[in-house]
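Enquirer: What follows is a structure written as structure tokens; I'll ask about it next.
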Amino acid sequence: MLLIGLGGSGKTSLIQKITAHPDAEPRIKSADFKTYSLVHEITKEEEQHVCRIDIDDYRGQNVGQVIKKWIDRKLIDEDHYAQSLIIIVDIFSPFSPTDTISSSAVISSDRVAQHIHEWSDNALGAVMEVSSNSHVIYKYICLFINKSDLLIPWNTDSEQIVKDAFKPLIDIIARRSAGALFEVIVGSTLNDTGVVRLLHSLIKRAEISDGK
Ligand SMILES: Nc1nc2c(ncn2[C@@H]2O[C@H](COP(=O)(O)OP(=O)(O)OP(=O)(O)O)[C@@H](O)[C@H]2O)c(=O)[nH]1
Ligand SMILES: [Mg+2]
């Protein structure tokens, strides 16, 4: 699985939540890349399948850096194809660990605009297409909209408000996701909202790809 997102959007926090990996430390800016693995055991009838999902955590303060890292990685290891792509964005700007974190009744339109600006159609094309034959290789694509815990009050309208704000980005990804399952999850790595749903989708895709 390939996980990409602007600096501070919550990549390392998400990895920590889905792998419970102690090396994923959100307060430290991620090193260029590191592969974590998640081993999930599923018992089906008598047989036990172990499905392993490798996760690459890319550091990025902007999309250019993220894409460069990804291309470098592809050149190092051409067989390293991710089956799932997670693009993580957030609805509030990153804060330093010393800031008092306050929730808000409105999402940060500046931060949303930054994600939409950085994840242009060209930038997405660069991560979503294989350069040699220009088709999408992912089986599962997720836009994970993070930090929903900071939006107070959280009610039935909140999720729709967040999705509406990201509509231009959702439309671009949807257009580029033909042949893959595309899901938008509004959640929080802090209080686990949406994380289980994401994990289920990842495991399902991994099982299907394994022919199980
Ligand atoms: N309130 C809240 N804070 C979050 C959430 N996810 C991440 N954070 C905080 O946001 C900051 C950045 O999270 P990281 O996981 O380090 O983000 P990153 O994308 O790995 O950042 P870089 O490695 O710098 O690119 C940290 O202080 C996290 O604790 C969330 O769902 N809710
Ligand atoms: Mg990080």
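Residue numbering restarts at 1 in every chain; chains get A, B, ... in the order shown in the structure tokens, and ligands count up from 1 in that same order.
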What residues of the protein or nucleic acid chains come within 9 Å of ligand 1 when you use only C-alpha atoms and all ligand atoms? Reply as a PyMOL selection string.
Expert: chain A and resi 4-16+24-31+57-62+88-90+92-97+101-103+145-150+187-193
Enquirer: Please return, as a PyMOL selection string, all residues of range 90-194 of chain A that DSSP assigns to strand (DSSP E or B) on the basis of the backbone.
Expert: chain A and resi 90+104+129+136+140-146+151+181-186
Enquirer: Compare A:Ala206, A:Leu85, A:Ile172, A:Ile107 by their minimum atom-to-atom distance to Glu159 in chain A, counting only C-alpha atoms, and give me the closest one.
Expert: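 When distances to Glu159 in chain A are compared using only C-alpha atoms, the smallest one comes from A:Ile107.
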Enquirer: For a test of reading the model, state the distance in Å between CA of Asp171 in chain A and CA of Phe144 in chain A, rounded to one decimal.
Expert: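 Calculated distance between CA of Asp171 in chain A and CA of Phe144 in chain A is 14.3 Å.
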Enquirer: I'd like to know which of A:Val162, A:Leu151, A:Val195, A:Met128 is closest to Arg175 in chain A, using only C-alpha atoms.
Expert: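 Using only C-alpha atoms, Arg175 in chain A sits closest to A:Met128.
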Enquirer: Skipping near chain neighbours, those fewer than 4 positions away, what residues fall within 8 Å of Val112 in chain A using only C-alpha atoms, listed as a PyMOL selection string?
Expert: chain A and resi 90-92+108+116+165-166
Enquirer: Residues as selected, C-alpha atoms, written as an mmCIF file, in the first residue's frame, can you do that?
Expert:
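Result went into selection-v1.cif, see below:
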```
data_model
loop_
_atom_site.group_PDB
_atom_site.id
_atom_site.type_symbol
_atom_site.label_atom_id
_atom_site.label_comp_id
_atom_site.auth_asym_id
_atom_site.auth_seq_id
_atom_site.Cartn_x
_atom_site.Cartn_y
_atom_site.Cartn_z
ATOM 1 C CA ASP A 90 -6.803 16.929 6.695
ATOM 2 C CA ILE A 91 -9.326 19.621 7.548
ATOM 3 C CA PHE A 92 -7.112 21.581 9.945
ATOM 4 C CA SER A 108 -9.996 25.352 7.729
ATOM 5 C CA ILE A 116 -6.813 20.818 -3.548
ATOM 6 C CA ALA A 165 -15.397 20.940 0.674
ATOM 7 C CA PHE A 166 -13.158 18.323 -0.973
#
```
Enquirer: When you count only C-alpha atoms, which of these residues is closest to Ser104 in chain A: A:Ser158, A:Asp121, A:Phe182, A:Asp72?
Expert: A:Ser158
Enquirer: Where in range 147-203 of chain A does DSSP assign helix (DSSP H, G or I), given as a PyMOL selection string?
Expert: chain A and resi 148-150+156-165+167-176+195-203
Enquirer: For a test of reading the model, state the distance in Å between CA of Ser120 in chain A and CA of Gly179 in chain A, rounded to one decimal.
Expert: 20.8 Å
Enquirer: Looking at only C-alpha atoms, which of A:Ala113, A:Met1, A:Cys142, A:Leu181 is the one that sits closest to Ser84 in chain A?
Expert: A:Met1
Enquirer: Would you mind telling me which residue in A:Glu129, A:Val63, A:Trp70, A:Asn155 lies nearest to Gln114 in chain A when using only C-alpha atoms?
Expert: A:Val63
Enquirer: What gap, in Å, lies between CA of Arg197 in chain A and CA of Tyr138 in chain A?
Expert: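 The value is 18.1 Å.
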